[in-house]
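Below is one structure, written out as structure tokens; comments come after it.
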Amino acid sequence: MIVRDAKEERGLLLVLAAYFVVFGMKLAVYLVSGVMVLLAEALHTLSDIFISGFLLIAARYSHRGADEVYMFGYGRAQNVAALVAATLFISFTSFELYREAIPRLVQPAPSEYQNLPLVIAVLAVSMLIAAIPLIKLFLQKERGAAVKAQLLELVNDELGLAAALAATLFIAWGYPLADPLAAIVVATIIAINAVGLFRENASFLMGRSPGAAYLAELERVARSVPGVMGVRDLRAEYVGPDAVHAGMVVEVLPGLAVEDASRIADEVHRRVHEDTHSGYCFIQVRPATPAADVAAAAPRGVAASA
């Protein structure tokens, strides 16, 4: 079964439509102006079209439920998509911009620029168009990894467009070196943000913990169940943008009947899901030791082994 976030998909579709419009405008105006930074922005937008389409597919795919192949669901598909997007930011867009701009900066060649007022107008309109989905996604309270990647790229777009607009103004004032300089600025912005995006999503794929506060809340919830005398071996990791896989050992009174121990485990499981929204939680029941009985009398923040 596929559970889709309609709001998230609509946001990505809006971004994709905006990219097609902006790409057409940038490419057409580059052909009649000769401003290199506008071509760089057009190539940037072309890569955005492919990346946004990939992120949209991943956003849909990641909401598939668990099956016999991926037993904790497909939530990490968004993190995989974000890693691919980050790689494309660096290898395709950033590298190509450096490759085109640096030779023109080191050995400037005479360039004839035309229709600069049209270039300025297109860049200004592109900034306004990109701002619409940017604001929409920014105001969205819950954002998966795919939407976060898209939001980051929209910020990249606005910064790159601002650099391109400034460069065009300097060209109009008689400073043609502003053209390759602006392309280098765009490439650097993309590379820096892509590295951050790569690092963040790599940590999720490696089994990143939801943090000490989340673990402490898990333990608090488990200890609130009558009959739980201790909690240990608490573990938790992200298995999707908003899904956590947790496991713990709860200690109960030695000699407790199996049926009673099972009821305690079921109640811990129910409360953990209700109070912490953990996607998956495995509870193991063991008899408490005397040392654990003493330790259970004092509250703890996080199990020592967590």
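Identifiers in the structure tokens: chain A, B, ... in order shown; residue index from 1 per chain; ligand index from 1 in order shown.
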
I'd like the neighbourhood of region 85-102 of chain A as an mmCIF file with C-alpha atoms, in the first residue's frame, where a residue qualifies if any of its atoms comes within 7 Å (using only C-alpha atoms), though same-chain residues fewer than 2 positions away should be ignored.
data_model
loop_
_atom_site.group_PDB
_atom_site.id
_atom_site.type_symbol
_atom_site.label_atom_id
_atom_site.label_comp_id
_atom_site.auth_asym_id
_atom_site.auth_seq_id
_atom_site.Cartn_x
_atom_site.Cartn_y
_atom_site.Cartn_z
ATOM 1 C CA ALA A 40 24.986 28.962 -16.538
ATOM 2 C CA HIS A 44 21.449 25.040 -13.536
ATOM 3 C CA SER A 47 19.672 20.057 -13.849
ATOM 4 C CA ILE A 51 16.590 16.499 -9.933
ATOM 5 C CA ALA A 81 17.304 10.740 -3.701
ATOM 6 C CA ALA A 82 18.808 13.612 -1.736
ATOM 7 C CA LEU A 83 22.266 12.010 -1.991
ATOM 8 C CA ARG A 104 37.242 33.302 -19.278
ATOM 9 C CA LEU A 105 38.339 34.837 -16.007
ATOM 10 C CA VAL A 106 42.031 33.990 -16.509
ATOM 11 C CA PRO A 180 32.581 34.762 -15.266
ATOM 12 C CA ALA A 183 29.255 32.077 -12.705
ATOM 13 C CA ILE A 184 31.974 31.084 -10.215
ATOM 14 C CA ALA A 187 29.104 27.261 -8.743
ATOM 15 C CA THR A 188 30.498 27.815 -5.237
ATOM 16 C CA ILE A 190 25.857 25.077 -5.257
ATOM 17 C CA ALA A 191 28.945 23.103 -4.174
ATOM 18 C CA ALA A 194 25.491 20.150 -1.915
ATOM 19 C CA VAL A 195 28.228 19.016 0.471
ATOM 20 C CA LEU A 197 23.063 17.989 1.854
ATOM 21 C CA PHE A 198 25.273 14.961 1.181
#

Neighbouring residues of Ala162 (chain A) were defined as those with any atom within 12 Å, considering only C-alpha atoms; residues of the same chain fewer than 2 positions away were excluded. Please report them as a list in words. Val37, Leu38, Glu41, Ile120, Val122, Leu123, Ala124, Val125, Ser126, Met127, Leu128, Ala130, Val155, Asn156, Asp157, Glu158, Leu159, Gly160, Ala164, Leu165, Ala166, Ala167, Thr168, Leu169, Ala182, Ala183, Val185, Val186 and Ile189 of chain A

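Shortest atom-to-atom contact with Gly207 (chain A) among A:Ile283, A:Val244, A:Val69, A:Ile129: A:Val244, counting only C-alpha atoms.
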
Determine, for each residue of region 58-158 of chain A having at least one atom at most 12 Å from an atom of region 31-35 of chain A, the closest pair of atoms and their separation in Å to one decimal, counting only C-alpha atoms; order by chain and ascending number, as JSON lines.
{"residue": "A:Ala101", "atom": "CA", "partner": "A:Val35", "partner_atom": "CA", "distance": 11.7}
{"residue": "A:Pro110", "atom": "CA", "partner": "A:Gly34", "partner_atom": "CA", "distance": 11.6}
{"residue": "A:Ser111", "atom": "CA", "partner": "A:Gly34", "partner_atom": "CA", "distance": 7.9}
{"residue": "A:Glu112", "atom": "CA", "partner": "A:Gly34", "partner_atom": "CA", "distance": 7.0}
{"residue": "A:Tyr113", "atom": "CA", "partner": "A:Gly34", "partner_atom": "CA", "distance": 5.5}
{"residue": "A:Gln114", "atom": "CA", "partner": "A:Ser33", "partner_atom": "CA", "distance": 4.4}
{"residue": "A:Asn115", "atom": "CA", "partner": "A:Ser33", "partner_atom": "CA", "distance": 5.4}
{"residue": "A:Leu116", "atom": "CA", "partner": "A:Ser33", "partner_atom": "CA", "distance": 6.7}
{"residue": "A:Pro117", "atom": "CA", "partner": "A:Ser33", "partner_atom": "CA", "distance": 9.6}
{"residue": "A:Leu118", "atom": "CA", "partner": "A:Ser33", "partner_atom": "CA", "distance": 8.3}
{"residue": "A:Val119", "atom": "CA", "partner": "A:Ser33", "partner_atom": "CA", "distance": 7.2}
{"residue": "A:Ile120", "atom": "CA", "partner": "A:Ser33", "partner_atom": "CA", "distance": 10.7}
{"residue": "A:Val122", "atom": "CA", "partner": "A:Ser33", "partner_atom": "CA", "distance": 11.4}
{"residue": "A:Leu123", "atom": "CA", "partner": "A:Val35", "partner_atom": "CA", "distance": 11.7}

Can you check which residues of region 135-224 of chain A DSSP gives as helix (DSSP H, G or I) on the backbone and send them as a PyMOL selection string? chain A and resi 135-139+145-172+178-205+212-223

May I have the selected residues written with C-alpha atoms, as a PDB file, in the first residue's frame?
ATOM      1  CA  ILE A 135       7.704  30.371   0.243  1.00  0.00           C
ATOM      2  CA  LYS A 136       5.188  27.532  -0.067  1.00  0.00           C
ATOM      3  CA  LEU A 137       7.713  24.870   0.943  1.00  0.00           C
ATOM      4  CA  PHE A 138       9.227  27.070   3.653  1.00  0.00           C
ATOM      5  CA  LEU A 139       5.824  27.503   5.310  1.00  0.00           C
ATOM      6  CA  ALA A 145      14.175  14.696   2.946  1.00  0.00           C
ATOM      7  CA  ALA A 146      13.082  15.157  -0.672  1.00  0.00           C
ATOM      8  CA  VAL A 147      11.268  18.389   0.124  1.00  0.00           C
ATOM      9  CA  LYS A 148      14.221  19.627   2.189  1.00  0.00           C
ATOM     10  CA  ALA A 149      16.509  18.937  -0.765  1.00  0.00           C
ATOM     11  CA  GLN A 150      14.127  20.838  -3.022  1.00  0.00           C
ATOM     12  CA  LEU A 151      13.919  23.718  -0.559  1.00  0.00           C
ATOM     13  CA  LEU A 152      17.706  23.929  -0.447  1.00  0.00           C
ATOM     14  CA  GLU A 153      17.897  24.008  -4.222  1.00  0.00           C
ATOM     15  CA  LEU A 154      15.325  26.813  -4.367  1.00  0.00           C
ATOM     16  CA  VAL A 155      17.519  28.820  -2.008  1.00  0.00           C
ATOM     17  CA  ASN A 156      20.450  28.055  -4.325  1.00  0.00           C
ATOM     18  CA  ASP A 157      18.367  29.322  -7.227  1.00  0.00           C
ATOM     19  CA  GLU A 158      17.594  32.627  -5.557  1.00  0.00           C
ATOM     20  CA  LEU A 159      21.226  33.193  -4.589  1.00  0.00           C
ATOM     21  CA  GLY A 160      22.430  32.268  -8.058  1.00  0.00           C
ATOM     22  CA  LEU A 161      19.866  34.513  -9.713  1.00  0.00           C
ATOM     23  CA  ALA A 162      20.873  37.383  -7.440  1.00  0.00           C
ATOM     24  CA  ALA A 163      24.520  36.906  -8.452  1.00  0.00           C
ATOM     25  CA  ALA A 164      23.535  36.754 -12.127  1.00  0.00           C
ATOM     26  CA  LEU A 165      21.455  39.913 -11.808  1.00  0.00           C
ATOM     27  CA  ALA A 166      24.320  41.765 -10.114  1.00  0.00           C
ATOM     28  CA  ALA A 167      26.733  40.570 -12.807  1.00  0.00           C
ATOM     29  CA  THR A 168      24.445  41.772 -15.593  1.00  0.00           C
ATOM     30  CA  LEU A 169      24.230  45.191 -14.001  1.00  0.00           C
ATOM     31  CA  PHE A 170      28.029  45.361 -13.795  1.00  0.00           C
ATOM     32  CA  ILE A 171      28.282  44.293 -17.443  1.00  0.00           C
ATOM     33  CA  ALA A 172      25.957  47.132 -18.375  1.00  0.00           C
ATOM     34  CA  ALA A 178      31.583  40.280 -13.694  1.00  0.00           C
ATOM     35  CA  ASP A 179      30.113  37.632 -16.024  1.00  0.00           C
ATOM     36  CA  PRO A 180      32.581  34.762 -15.266  1.00  0.00           C
ATOM     37  CA  LEU A 181      32.908  35.929 -11.658  1.00  0.00           C
ATOM     38  CA  ALA A 182      29.160  35.552 -11.153  1.00  0.00           C
ATOM     39  CA  ALA A 183      29.255  32.077 -12.705  1.00  0.00           C
ATOM     40  CA  ILE A 184      31.974  31.084 -10.215  1.00  0.00           C
ATOM     41  CA  VAL A 185      29.890  32.467  -7.347  1.00  0.00           C
ATOM     42  CA  VAL A 186      26.905  30.372  -8.497  1.00  0.00           C
ATOM     43  CA  ALA A 187      29.104  27.261  -8.743  1.00  0.00           C
ATOM     44  CA  THR A 188      30.498  27.815  -5.237  1.00  0.00           C
ATOM     45  CA  ILE A 189      27.058  28.310  -3.697  1.00  0.00           C
ATOM     46  CA  ILE A 190      25.857  25.077  -5.257  1.00  0.00           C
ATOM     47  CA  ALA A 191      28.945  23.103  -4.174  1.00  0.00           C
ATOM     48  CA  ILE A 192      28.814  24.268  -0.520  1.00  0.00           C
ATOM     49  CA  ASN A 193      25.126  23.462  -0.102  1.00  0.00           C
ATOM     50  CA  ALA A 194      25.491  20.150  -1.915  1.00  0.00           C
ATOM     51  CA  VAL A 195      28.228  19.016   0.471  1.00  0.00           C
ATOM     52  CA  GLY A 196      25.983  19.823   3.437  1.00  0.00           C
ATOM     53  CA  LEU A 197      23.063  17.989   1.854  1.00  0.00           C
ATOM     54  CA  PHE A 198      25.273  14.961   1.181  1.00  0.00           C
ATOM     55  CA  ARG A 199      26.581  14.799   4.753  1.00  0.00           C
ATOM     56  CA  GLU A 200      23.144  15.124   6.337  1.00  0.00           C
ATOM     57  CA  ASN A 201      21.522  12.356   4.299  1.00  0.00           C
ATOM     58  CA  ALA A 202      24.540  10.064   4.511  1.00  0.00           C
ATOM     59  CA  SER A 203      24.157  10.120   8.304  1.00  0.00           C
ATOM     60  CA  PHE A 204      20.533   8.976   8.016  1.00  0.00           C
ATOM     61  CA  LEU A 205      21.468   6.101   5.715  1.00  0.00           C
ATOM     62  CA  ALA A 212      19.352  11.852  23.429  1.00  0.00           C
ATOM     63  CA  ALA A 213      16.082  13.716  24.049  1.00  0.00           C
ATOM     64  CA  TYR A 214      14.119  11.215  21.953  1.00  0.00           C
ATOM     65  CA  LEU A 215      15.759   8.265  23.730  1.00  0.00           C
ATOM     66  CA  ALA A 216      14.992   9.817  27.096  1.00  0.00           C
ATOM     67  CA  GLU A 217      11.346  10.207  26.088  1.00  0.00           C
ATOM     68  CA  LEU A 218      11.207   6.565  24.997  1.00  0.00           C
ATOM     69  CA  GLU A 219      12.526   5.461  28.364  1.00  0.00           C
ATOM     70  CA  ARG A 220      10.138   7.752  30.243  1.00  0.00           C
ATOM     71  CA  VAL A 221       7.157   6.356  28.341  1.00  0.00           C
ATOM     72  CA  ALA A 222       8.243   2.752  28.946  1.00  0.00           C
ATOM     73  CA  ARG A 223       8.778   3.368  32.669  1.00  0.00           C
TER      74      ARG A 223
END

Excluding region 15-24 of chain A and residues on its chain fewer than 6 positions from it, collect all residues at most 8 Å away from it, counting only C-alpha atoms, and give them as a count of residues only. 11

Between CA of Leu234 (chain A) and CA of Val252 (chain A), distance in Å (one decimal):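 The value is 15.6 Å.
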
Given only C-alpha atoms as the basis, pick out the residue of A:Gly227, A:Tyr238, A:Leu14, A:Phe72 nearest to Gly211 (chain A).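 Checking each of A:Gly227, A:Tyr238, A:Leu14, A:Phe72 against Gly211 (chain A), counting only C-alpha atoms, the winner is A:Tyr238.
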
Do you have the CA of Arg232 (chain A)-CA of Glu68 (chain A) distance handy?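 Result for CA of Arg232 (chain A) versus CA of Glu68 (chain A): 29.1 Å, one decimal.
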
For the atom pair CA of Val250 (chain A) and CA of Ala66 (chain A), what is the interatomic distance in Å to one decimal place?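 Atom-to-atom, CA of Val250 (chain A) and CA of Ala66 (chain A) are spaced 25.7 Å apart.
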
Near-His245 (chain A) list (6 Å; only C-alpha atoms; drop same-chain fewer than 6 positions) as a list in words: Ala236, Glu237, Gly279, Tyr280 and Cys281 of chain A
